[in-house]
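J.: Once you've had a glance at the structure underneath, I'll fire off some questions.
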Amino acid sequence: MEAHYTVSVVDRKKSRLKRGILKEMYSLGAQTLAQLAKALHASVPSITMLIDELASENWVQEIGTGNAQYGRKPALFGLRAGNQAVVVIDISVHDVKLVVFDLTNRVLDRLDVNLRLDDSVAFLEALRGPLETISLRIQENHLNIIGVGCALPGLVDPKTGTNYTYKNLNRPTESLKELLAASFNAPVYLINDTKATILGEHRFGLAKGKNHVLSINIDWGVGLGVINNGEILQGLAGFAGELGHIQLQADGELCSCGKVGCLDTLTSASSLIRRVKNGLKEGRVSKLADENFEDIDAEMVIDKAKAGDEMAIDLLNEVGNELGKGLSIAVHLFNPELIIVNGIVAKAERLITRPIEQAIDKYCLADFRNKLVITVSRLGEMAKLCGTQAYVIQSLLEYEEIP
């Protein structure tokens with residue numbers, strides 16, 4: 001019994017160190033043996049042995065040499081692309097994207113589907129076809145799927161995979177999580193789309209290396225991602241950051257959540273389109289009047305605004321001002337160094353960030369805004385996709401699925 005216990009402890013320590021090596025390489029890229037030993041508080045001979053094991057298991061490989069002030073340059077080791085892959089599914093009210101990544105974040109395959117999220121069993125049934133298509137392509141390319149990540153809007157509990165906003169995705173006969181697990185025969189992790197976005201920004205984007213960041217995701221709704229003291233704020237059930245449902249107008253419009261005057265009703269892409277259509281009905285002059293009324297979308301409004309359309313510019317300015325007013329609350333709560341604007345409305349660039357800045361200048365105490373930077377994401381949609389991929393890898397390593 002004692003010998004068995006000793007072996008188990010050794011095995012657990014080896015597994016922990018191997019997972020630590022993979023985490024370091026995934027987060028920081030190629031590393032030398034000395035760098036890994038220092039980061040993981042282990043000896044260089046121990047790390048060398050584990051690197052050899054991971055290389056024989058096709059997880060890592062030598063990819064070059066590092067810098068050295070004197071003597072021989074040290075070898076650099078990084079993750080091996082190989083045939084290990086992760087499937088990321090991005091579900092939104094616009095469409096569904098299915099993306100296959102290797103362990104170096106390279107996109108191996110992608111399938112965009114004109115399927116809009118709907119709180120119904122019919123949505124799950126419609127999703128089966130695209131899942132089968134990408135699954136067949138994965139088999140043809142001889143890829144080994146080690147995990148599946150799904151980003152979607154709503155109140156998502158990452159521990160249980162339950163979506164409390166889209167309740168029909170949790171049906172007892174076959175939930176979304178069960179459907180994905182059956183399609184790819186791999187562990188499945190669900191994450192709120194805004195949480196995935198801020199994770200992508202923190203690992204690969206403008207928030208990398210920063211400790212106090214807000215990411216405002218402006219799409220069909222409005223979500224807030226928060227990095228506080230270098231950690232992504234989740235809250236008790238993963239719900240932290242629902243900025244879209246703070247009340248800004250006591251006598252405002254009815255929100256989809258059942259409340260009145262939520263920020264969502266003033267600043268989301270859907271509210272922007274609604275304002276545009278109401279303006280056109282009232283006879284406001286705009287180039288958008290030349291478009292098919294039913295086809296008007298947020299990107300169309302942004303394009304017209306960039307071309308100088310007065311009504312489009314005015315409405316984006318109104319949206320930005322209300323966003324800045326709502327964000328002022330978050331600024332006072334979290335005292336961030338950076339606010340990143342993500343989502344479809346971020347494509348408006350300065351047409352949306354300028355009024356946000358002006359509103360924050362107006363509604364925030366001066367000392368909160370002196371060092372605050374507001375900018376648009378450089379990653380765009382890849383923030384959410386890469387963030388979901390990172391969440392899968394992080395979850396797999398945490399729960400010892402690999403290696």
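Naming works like this for the structure tokens: A, B, ... for the chains as they're shown, residue 1 at the start of each chain, ligands 1 onward in shown order.
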Do a neighbour search on stretch 352-364 of chain A at 9 Å with only C-alpha atoms, toss out local chain neighbours closer than 6 positions, and write the hits as number ranges by chain.

T.: A: 316-329, 331-332, 341, 345-346, 373-376

J.: Enumerate the residues of stretch 239-401 of chain A with a DSSP assignment of helix (DSSP H, G or I), computed from the backbone, and present them as a short mmCIF file (atom, residue, chain, number, x, y, z; two decimals) with N, CA and C atoms, in the first residue's frame.

T.:
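Output file result_12.cif follows:
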data_model
loop_
_atom_site.label_atom_id
_atom_site.label_comp_id
_atom_site.auth_asym_id
_atom_site.auth_seq_id
_atom_site.Cartn_x
_atom_site.Cartn_y
_atom_site.Cartn_z
N LEU A 243 -23.70 44.31 -17.92
CA LEU A 243 -23.91 45.76 -17.93
C LEU A 243 -25.14 46.16 -18.73
N GLY A 244 -25.48 45.35 -19.72
CA GLY A 244 -26.61 45.67 -20.59
C GLY A 244 -27.93 45.75 -19.87
N HIS A 245 -27.99 45.22 -18.65
CA HIS A 245 -29.26 45.20 -17.94
C HIS A 245 -29.27 46.07 -16.69
N ASP A 264 -29.25 47.91 -22.77
CA ASP A 264 -29.45 47.19 -24.04
C ASP A 264 -30.44 47.90 -24.96
N THR A 265 -31.49 48.48 -24.39
CA THR A 265 -32.52 49.12 -25.21
C THR A 265 -32.04 50.41 -25.84
N LEU A 266 -30.87 50.90 -25.39
CA LEU A 266 -30.35 52.18 -25.87
C LEU A 266 -29.10 52.04 -26.73
N THR A 267 -28.36 50.95 -26.55
CA THR A 267 -27.02 50.91 -27.13
C THR A 267 -26.68 49.67 -27.95
N ALA A 269 -26.79 46.69 -30.95
CA ALA A 269 -26.93 46.78 -32.40
C ALA A 269 -28.40 46.75 -32.80
N SER A 270 -29.19 45.94 -32.09
CA SER A 270 -30.62 45.86 -32.41
C SER A 270 -31.32 47.18 -32.13
N SER A 271 -30.92 47.87 -31.04
CA SER A 271 -31.54 49.17 -30.74
C SER A 271 -31.12 50.22 -31.76
N LEU A 272 -29.88 50.13 -32.24
CA LEU A 272 -29.41 51.05 -33.27
C LEU A 272 -30.24 50.91 -34.54
N ILE A 273 -30.47 49.67 -34.96
CA ILE A 273 -31.27 49.42 -36.17
C ILE A 273 -32.70 49.91 -35.97
N ARG A 274 -33.22 49.69 -34.78
CA ARG A 274 -34.58 50.15 -34.48
C ARG A 274 -34.69 51.68 -34.57
N ARG A 275 -33.68 52.35 -34.06
CA ARG A 275 -33.67 53.83 -34.12
C ARG A 275 -33.59 54.32 -35.57
N VAL A 276 -32.77 53.64 -36.35
CA VAL A 276 -32.63 54.01 -37.77
C VAL A 276 -33.98 53.87 -38.47
N LYS A 277 -34.62 52.75 -38.28
CA LYS A 277 -35.89 52.51 -38.96
C LYS A 277 -36.97 53.48 -38.49
N ASN A 278 -36.97 53.81 -37.21
CA ASN A 278 -37.93 54.80 -36.71
C ASN A 278 -37.67 56.16 -37.33
N GLY A 279 -36.38 56.50 -37.47
CA GLY A 279 -36.02 57.78 -38.08
C GLY A 279 -36.46 57.86 -39.53
N LEU A 280 -36.28 56.78 -40.25
CA LEU A 280 -36.70 56.75 -41.65
C LEU A 280 -38.21 56.86 -41.77
N LYS A 281 -38.94 56.20 -40.87
CA LYS A 281 -40.40 56.28 -40.88
C LYS A 281 -40.88 57.70 -40.60
N LYS A 287 -29.14 58.44 -46.57
CA LYS A 287 -28.85 57.53 -47.68
C LYS A 287 -29.40 56.13 -47.40
N LEU A 288 -29.66 55.85 -46.11
CA LEU A 288 -30.21 54.55 -45.75
C LEU A 288 -31.62 54.36 -46.31
N ALA A 289 -32.26 55.47 -46.67
CA ALA A 289 -33.60 55.38 -47.26
C ALA A 289 -33.55 54.71 -48.63
N ASP A 290 -32.37 54.68 -49.26
CA ASP A 290 -32.22 54.05 -50.58
C ASP A 290 -32.11 52.53 -50.47
N PHE A 293 -35.65 48.43 -46.78
CA PHE A 293 -35.94 48.74 -45.37
C PHE A 293 -35.69 47.53 -44.47
N GLU A 294 -36.14 46.36 -44.87
CA GLU A 294 -36.03 45.18 -44.03
C GLU A 294 -34.60 44.64 -43.95
N ASP A 295 -33.76 45.03 -44.91
CA ASP A 295 -32.39 44.52 -44.94
C ASP A 295 -31.40 45.39 -44.18
N ALA A 298 -26.67 46.68 -38.80
CA ALA A 298 -25.72 47.56 -38.12
C ALA A 298 -24.53 47.92 -39.02
N GLU A 299 -24.02 46.94 -39.76
CA GLU A 299 -22.88 47.21 -40.62
C GLU A 299 -23.23 48.23 -41.70
N MET A 300 -24.44 48.16 -42.21
CA MET A 300 -24.89 49.11 -43.22
C MET A 300 -24.93 50.53 -42.63
N VAL A 301 -25.44 50.64 -41.41
CA VAL A 301 -25.49 51.95 -40.75
C VAL A 301 -24.09 52.50 -40.54
N ILE A 302 -23.17 51.64 -40.11
CA ILE A 302 -21.79 52.07 -39.87
C ILE A 302 -21.13 52.51 -41.18
N ASP A 303 -21.35 51.76 -42.26
CA ASP A 303 -20.78 52.13 -43.56
C ASP A 303 -21.28 53.51 -44.02
N LYS A 304 -22.58 53.76 -43.83
CA LYS A 304 -23.15 55.06 -44.23
C LYS A 304 -22.57 56.18 -43.36
N ALA A 305 -22.39 55.89 -42.08
CA ALA A 305 -21.82 56.90 -41.18
C ALA A 305 -20.39 57.25 -41.58
N LYS A 306 -19.62 56.24 -41.93
CA LYS A 306 -18.24 56.49 -42.37
C LYS A 306 -18.19 57.27 -43.67
N GLU A 310 -25.42 61.94 -42.27
CA GLU A 310 -25.66 62.71 -41.04
C GLU A 310 -26.50 61.94 -40.02
N MET A 311 -27.58 61.32 -40.46
CA MET A 311 -28.44 60.61 -39.53
C MET A 311 -27.70 59.43 -38.90
N ALA A 312 -26.95 58.68 -39.70
CA ALA A 312 -26.19 57.54 -39.19
C ALA A 312 -25.16 57.99 -38.16
N ILE A 313 -24.49 59.10 -38.45
CA ILE A 313 -23.50 59.64 -37.51
C ILE A 313 -24.18 60.07 -36.21
N ASP A 314 -25.30 60.75 -36.32
CA ASP A 314 -26.03 61.22 -35.13
C ASP A 314 -26.44 60.05 -34.24
N LEU A 315 -26.95 59.00 -34.86
CA LEU A 315 -27.43 57.87 -34.07
C LEU A 315 -26.28 57.10 -33.42
N LEU A 316 -25.17 56.96 -34.12
CA LEU A 316 -24.00 56.33 -33.50
C LEU A 316 -23.48 57.18 -32.35
N ASN A 317 -23.57 58.49 -32.51
CA ASN A 317 -23.14 59.39 -31.44
C ASN A 317 -24.04 59.22 -30.20
N GLU A 318 -25.34 59.06 -30.43
CA GLU A 318 -26.28 58.84 -29.33
C GLU A 318 -25.98 57.51 -28.62
N VAL A 319 -25.72 56.47 -29.41
CA VAL A 319 -25.39 55.17 -28.84
C VAL A 319 -24.11 55.26 -28.01
N GLY A 320 -23.09 55.91 -28.56
CA GLY A 320 -21.82 56.06 -27.85
C GLY A 320 -21.97 56.85 -26.55
N ASN A 321 -22.80 57.88 -26.59
CA ASN A 321 -23.02 58.68 -25.38
C ASN A 321 -23.68 57.85 -24.28
N GLU A 322 -24.69 57.06 -24.64
CA GLU A 322 -25.36 56.22 -23.64
C GLU A 322 -24.42 55.12 -23.13
N LEU A 323 -23.60 54.57 -24.04
CA LEU A 323 -22.62 53.58 -23.62
C LEU A 323 -21.63 54.18 -22.62
N GLY A 324 -21.15 55.37 -22.93
CA GLY A 324 -20.22 56.05 -22.02
C GLY A 324 -20.84 56.31 -20.66
N LYS A 325 -22.13 56.64 -20.66
CA LYS A 325 -22.83 56.88 -19.40
C LYS A 325 -22.88 55.59 -18.57
N GLY A 326 -23.23 54.48 -19.25
CA GLY A 326 -23.26 53.19 -18.55
C GLY A 326 -21.88 52.75 -18.11
N LEU A 327 -20.88 52.95 -18.97
CA LEU A 327 -19.52 52.55 -18.64
C LEU A 327 -18.95 53.38 -17.49
N SER A 328 -19.45 54.58 -17.31
CA SER A 328 -18.97 55.41 -16.20
C SER A 328 -19.20 54.73 -14.87
N ILE A 329 -20.29 54.00 -14.77
CA ILE A 329 -20.57 53.24 -13.54
C ILE A 329 -19.48 52.18 -13.34
N ALA A 330 -19.16 51.45 -14.43
CA ALA A 330 -18.14 50.41 -14.35
C ALA A 330 -16.76 51.00 -14.07
N VAL A 331 -16.47 52.16 -14.63
CA VAL A 331 -15.18 52.82 -14.40
C VAL A 331 -15.03 53.16 -12.92
N HIS A 332 -16.10 53.70 -12.32
CA HIS A 332 -16.04 54.03 -10.89
C HIS A 332 -15.92 52.77 -10.03
N LEU A 333 -16.48 51.65 -10.48
CA LEU A 333 -16.41 50.41 -9.72
C LEU A 333 -15.05 49.72 -9.82
N PHE A 334 -14.46 49.73 -11.03
CA PHE A 334 -13.28 48.90 -11.28
C PHE A 334 -11.99 49.68 -11.54
N ILE A 344 -19.90 44.05 -33.10
CA ILE A 344 -20.17 44.58 -34.42
C ILE A 344 -20.11 46.11 -34.47
N VAL A 345 -20.55 46.77 -33.39
CA VAL A 345 -20.56 48.24 -33.38
C VAL A 345 -19.15 48.80 -33.30
N ALA A 346 -18.18 47.97 -32.87
CA ALA A 346 -16.79 48.42 -32.81
C ALA A 346 -16.26 48.78 -34.19
N LYS A 347 -16.91 48.28 -35.24
CA LYS A 347 -16.47 48.60 -36.60
C LYS A 347 -16.64 50.08 -36.92
N ALA A 348 -17.40 50.80 -36.09
CA ALA A 348 -17.57 52.24 -36.29
C ALA A 348 -16.33 53.01 -35.86
N ARG A 350 -13.74 55.36 -34.46
CA ARG A 350 -13.80 56.65 -33.74
C ARG A 350 -15.22 57.20 -33.67
N LEU A 351 -16.07 56.79 -34.56
CA LEU A 351 -17.46 57.27 -34.52
C LEU A 351 -18.19 56.75 -33.29
N ILE A 352 -17.68 55.67 -32.68
CA ILE A 352 -18.28 55.16 -31.45
C ILE A 352 -17.40 55.45 -30.24
N THR A 353 -16.06 55.39 -30.39
CA THR A 353 -15.20 55.62 -29.22
C THR A 353 -15.18 57.08 -28.81
N ARG A 354 -15.31 58.00 -29.78
CA ARG A 354 -15.27 59.43 -29.43
C ARG A 354 -16.41 59.82 -28.50
N PRO A 355 -17.67 59.49 -28.82
CA PRO A 355 -18.74 59.84 -27.88
C PRO A 355 -18.65 59.07 -26.55
N ILE A 356 -18.10 57.86 -26.56
CA ILE A 356 -17.88 57.14 -25.30
C ILE A 356 -16.92 57.93 -24.42
N GLU A 357 -15.81 58.39 -25.02
CA GLU A 357 -14.83 59.18 -24.29
C GLU A 357 -15.45 60.46 -23.73
N GLN A 358 -16.24 61.13 -24.55
CA GLN A 358 -16.86 62.38 -24.12
C GLN A 358 -17.81 62.16 -22.95
N ALA A 359 -18.58 61.06 -23.01
CA ALA A 359 -19.52 60.76 -21.92
C ALA A 359 -18.77 60.40 -20.64
N ILE A 360 -17.69 59.65 -20.76
CA ILE A 360 -16.90 59.30 -19.57
C ILE A 360 -16.27 60.55 -18.98
N ASP A 361 -15.79 61.45 -19.85
CA ASP A 361 -15.27 62.73 -19.37
C ASP A 361 -16.34 63.49 -18.57
N LYS A 362 -17.56 63.38 -19.03
CA LYS A 362 -18.66 64.12 -18.41
C LYS A 362 -19.13 63.49 -17.10
N TYR A 363 -19.22 62.17 -17.06
CA TYR A 363 -19.86 61.50 -15.93
C TYR A 363 -18.90 60.88 -14.92
N ALA A 366 -12.64 63.10 -12.43
CA ALA A 366 -11.46 63.36 -13.27
C ALA A 366 -10.31 62.40 -12.97
N ASP A 367 -10.10 62.07 -11.71
CA ASP A 367 -8.96 61.21 -11.36
C ASP A 367 -9.12 59.78 -11.89
N PHE A 368 -10.36 59.36 -12.18
CA PHE A 368 -10.59 58.03 -12.74
C PHE A 368 -10.23 57.98 -14.22
N ARG A 369 -10.35 59.09 -14.92
CA ARG A 369 -10.19 59.07 -16.37
C ARG A 369 -8.85 59.61 -16.85
N MET A 382 -11.83 37.47 -33.90
CA MET A 382 -10.90 36.46 -33.44
C MET A 382 -10.67 36.51 -31.93
N ALA A 383 -11.01 37.63 -31.30
CA ALA A 383 -10.88 37.70 -29.84
C ALA A 383 -11.77 36.64 -29.20
N LYS A 384 -13.01 36.57 -29.66
CA LYS A 384 -13.95 35.59 -29.10
C LYS A 384 -13.55 34.16 -29.47
N LEU A 385 -13.15 33.94 -30.72
CA LEU A 385 -12.80 32.59 -31.17
C LEU A 385 -11.54 32.08 -30.46
N CYS A 386 -10.51 32.92 -30.41
CA CYS A 386 -9.26 32.50 -29.75
C CYS A 386 -9.46 32.41 -28.24
N GLY A 387 -10.33 33.27 -27.69
CA GLY A 387 -10.61 33.20 -26.27
C GLY A 387 -11.31 31.91 -25.91
N THR A 388 -12.20 31.44 -26.76
CA THR A 388 -12.89 30.17 -26.53
C THR A 388 -11.91 29.01 -26.62
N GLN A 389 -11.02 29.09 -27.60
CA GLN A 389 -9.97 28.07 -27.73
C GLN A 389 -9.10 28.04 -26.46
N ALA A 390 -8.71 29.21 -25.98
CA ALA A 390 -7.90 29.28 -24.76
C ALA A 390 -8.64 28.72 -23.56
N TYR A 391 -9.94 28.97 -23.50
CA TYR A 391 -10.75 28.46 -22.39
C TYR A 391 -10.80 26.93 -22.40
N VAL A 392 -10.87 26.35 -23.59
CA VAL A 392 -10.88 24.89 -23.71
C VAL A 392 -9.55 24.31 -23.22
N ILE A 393 -8.45 24.87 -23.72
CA ILE A 393 -7.12 24.36 -23.32
C ILE A 393 -6.94 24.51 -21.81
N GLN A 394 -7.31 25.67 -21.30
CA GLN A 394 -7.19 25.94 -19.86
C GLN A 394 -8.02 24.93 -19.06
N SER A 395 -9.23 24.65 -19.52
CA SER A 395 -10.11 23.72 -18.81
C SER A 395 -9.59 22.30 -18.89
N LEU A 396 -9.10 21.90 -20.05
CA LEU A 396 -8.54 20.55 -20.20
C LEU A 396 -7.37 20.34 -19.26
N LEU A 397 -6.47 21.32 -19.20
CA LEU A 397 -5.31 21.18 -18.35
C LEU A 397 -5.69 21.21 -16.87
N GLU A 398 -6.66 22.04 -16.55
CA GLU A 398 -7.08 22.16 -15.14
C GLU A 398 -7.70 20.86 -14.64
#

J.: What does the distance between atom CA of A:Asn105 and atom CA of A:Asp90 come to in Å, to one decimal place?

T.: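 Between these atoms lies a distance of 15.6 Å.
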
J.: Report, in Å with one decimal, the straight-line distance from atom CA of A:Asp52 to atom CA of A:Tyr26.

T.: 17.5 Å

J.: Would you tabulate, counting only C-alpha atoms, all residues of stretch 162-277 of chain A that have an atom at most 10 Å from an atom of stretch 92-96 of chain A, showing the closest pair of atoms and their distance in Å to one decimal, sorted by chain then ascending number, as a Markdown table?

T.:
| residue | atom | partner | partner_atom | distance |
| --- | --- | --- | --- | --- |
| A:Asp193 | CA | A:Ser92 | CA | 8.5 |
| A:Asp219 | CA | A:Val93 | CA | 9.0 |
| A:Trp220 | CA | A:Val93 | CA | 7.0 |
| A:Gly221 | CA | A:Val93 | CA | 9.7 |

J.: Quick one: write out the picked residues with C-alpha atoms as a PDB file, in the first residue's frame?

T.:
ATOM      1  CA  ASP A 193     -19.481  35.185 -25.482  1.00  0.00           C
ATOM      2  CA  ASP A 219     -23.610  43.239 -30.439  1.00  0.00           C
ATOM      3  CA  TRP A 220     -27.285  42.252 -30.356  1.00  0.00           C
ATOM      4  CA  GLY A 221     -26.960  42.953 -26.639  1.00  0.00           C
TER       5      GLY A 221
END

J.: From the options A:Leu214, A:Val222, A:Leu33, A:Ala307, which residue's atoms come nearest to A:Ser377, counting only C-alpha atoms?

T.: A:Leu214

J.: For stretch 153-169 of chain A, find every residue with an atom within 9 Å (counting only C-alpha atoms), except residues of its own chain fewer than 6 positions away, and show them as an mmCIF file with N, CA and C atoms, in the first residue's frame.

T.:
data_model
loop_
_atom_site.group_PDB
_atom_site.id
_atom_site.type_symbol
_atom_site.label_atom_id
_atom_site.label_comp_id
_atom_site.auth_asym_id
_atom_site.auth_seq_id
_atom_site.Cartn_x
_atom_site.Cartn_y
_atom_site.Cartn_z
ATOM 1 N N ILE A 91 -21.790 30.770 -31.427
ATOM 2 C CA ILE A 91 -23.227 30.866 -31.715
ATOM 3 C C ILE A 91 -23.707 32.264 -31.363
ATOM 4 N N SER A 92 -24.348 32.932 -32.315
ATOM 5 C CA SER A 92 -24.859 34.274 -32.052
ATOM 6 C C SER A 92 -26.226 34.439 -32.712
ATOM 7 N N VAL A 93 -26.828 35.590 -32.489
ATOM 8 C CA VAL A 93 -28.124 35.869 -33.120
ATOM 9 C C VAL A 93 -27.959 36.204 -34.591
ATOM 10 N N ASP A 118 -31.800 30.736 -31.614
ATOM 11 C CA ASP A 118 -33.202 30.862 -31.228
ATOM 12 C C ASP A 118 -33.427 29.945 -30.033
ATOM 13 N N ASP A 119 -34.224 30.395 -29.081
ATOM 14 C CA ASP A 119 -34.473 29.610 -27.881
ATOM 15 C C ASP A 119 -35.529 28.548 -28.160
ATOM 16 N N SER A 120 -35.118 27.544 -28.927
ATOM 17 C CA SER A 120 -36.064 26.502 -29.318
ATOM 18 C C SER A 120 -35.336 25.204 -29.616
ATOM 19 N N VAL A 121 -36.072 24.119 -29.549
ATOM 20 C CA VAL A 121 -35.536 22.814 -29.918
ATOM 21 C C VAL A 121 -35.185 22.792 -31.404
ATOM 22 N N PHE A 123 -33.730 25.002 -33.124
ATOM 23 C CA PHE A 123 -32.360 25.480 -33.351
ATOM 24 C C PHE A 123 -31.366 24.331 -33.203
ATOM 25 N N LEU A 124 -31.530 23.531 -32.163
ATOM 26 C CA LEU A 124 -30.631 22.401 -31.957
ATOM 27 C C LEU A 124 -30.716 21.408 -33.112
ATOM 28 N N SER A 175 -29.249 18.115 -24.442
ATOM 29 C CA SER A 175 -28.899 19.523 -24.347
ATOM 30 C C SER A 175 -27.881 19.886 -25.427
ATOM 31 N N LEU A 176 -27.616 21.183 -25.569
ATOM 32 C CA LEU A 176 -26.580 21.644 -26.509
ATOM 33 C C LEU A 176 -25.244 20.999 -26.169
ATOM 34 N N LYS A 177 -24.909 20.959 -24.888
ATOM 35 C CA LYS A 177 -23.627 20.376 -24.480
ATOM 36 C C LYS A 177 -23.546 18.903 -24.857
ATOM 37 N N VAL A 188 -16.676 18.989 -23.572
ATOM 38 C CA VAL A 188 -17.286 20.228 -24.071
ATOM 39 C C VAL A 188 -17.333 21.263 -22.957
ATOM 40 N N TYR A 189 -16.963 22.504 -23.312
ATOM 41 C CA TYR A 189 -16.986 23.609 -22.355
ATOM 42 C C TYR A 189 -17.744 24.776 -22.968
ATOM 43 N N LEU A 190 -18.780 25.227 -22.253
ATOM 44 C CA LEU A 190 -19.579 26.368 -22.699
ATOM 45 C C LEU A 190 -19.139 27.620 -21.954
ATOM 46 N N ILE A 191 -19.131 28.761 -22.649
ATOM 47 C CA ILE A 191 -18.700 30.014 -22.054
ATOM 48 C C ILE A 191 -19.518 31.160 -22.647
ATOM 49 N N ASN A 192 -19.840 32.136 -21.829
ATOM 50 C CA ASN A 192 -20.517 33.339 -22.313
ATOM 51 C C ASN A 192 -19.647 34.047 -23.335
ATOM 52 N N ASP A 193 -20.253 34.591 -24.388
ATOM 53 C CA ASP A 193 -19.481 35.185 -25.482
ATOM 54 C C ASP A 193 -18.608 36.360 -25.033
ATOM 55 N N THR A 194 -19.102 37.165 -24.097
ATOM 56 C CA THR A 194 -18.306 38.299 -23.623
ATOM 57 C C THR A 194 -17.126 37.837 -22.788
ATOM 58 N N GLY A 221 -26.826 42.431 -27.990
ATOM 59 C CA GLY A 221 -26.960 42.953 -26.639
ATOM 60 C C GLY A 221 -25.658 43.629 -26.251
ATOM 61 N N GLY A 223 -22.525 43.396 -23.405
ATOM 62 C CA GLY A 223 -21.899 42.643 -22.323
ATOM 63 C C GLY A 223 -20.601 43.295 -21.901
ATOM 64 N N ALA A 237 -21.836 32.530 -10.315
ATOM 65 C CA ALA A 237 -22.279 31.549 -11.318
ATOM 66 C C ALA A 237 -21.792 31.893 -12.722
ATOM 67 N N GLY A 238 -20.800 32.771 -12.822
ATOM 68 C CA GLY A 238 -20.283 33.151 -14.135
ATOM 69 C C GLY A 238 -21.066 34.263 -14.794
ATOM 70 N N PHE A 239 -21.908 34.976 -14.038
ATOM 71 C CA PHE A 239 -22.800 35.982 -14.625
ATOM 72 C C PHE A 239 -22.246 37.402 -14.568
ATOM 73 N N GLU A 242 -23.023 41.763 -16.614
ATOM 74 C CA GLU A 242 -24.238 42.014 -17.400
ATOM 75 C C GLU A 242 -24.599 43.503 -17.367
ATOM 76 N N CYS A 257 -35.501 41.343 -21.424
ATOM 77 C CA CYS A 257 -35.410 40.669 -20.127
ATOM 78 C C CYS A 257 -36.653 40.900 -19.280
#

J.: Select from stretch 143-368 of chain A everything DSSP, run on the backbone, classes as strand (DSSP E), then give the selection as a PyMOL selection string.

T.: chain A and resi 144-152+156-157+162-163+188-192+212-218+222-228+231-232+338-342

J.: Please, what distance in Å, to one decimal, runs between atom CA of A:Asn83 and atom CA of A:Val113?

T.: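 Result for atom CA of A:Asn83 versus atom CA of A:Val113: 24.8 Å, one decimal.
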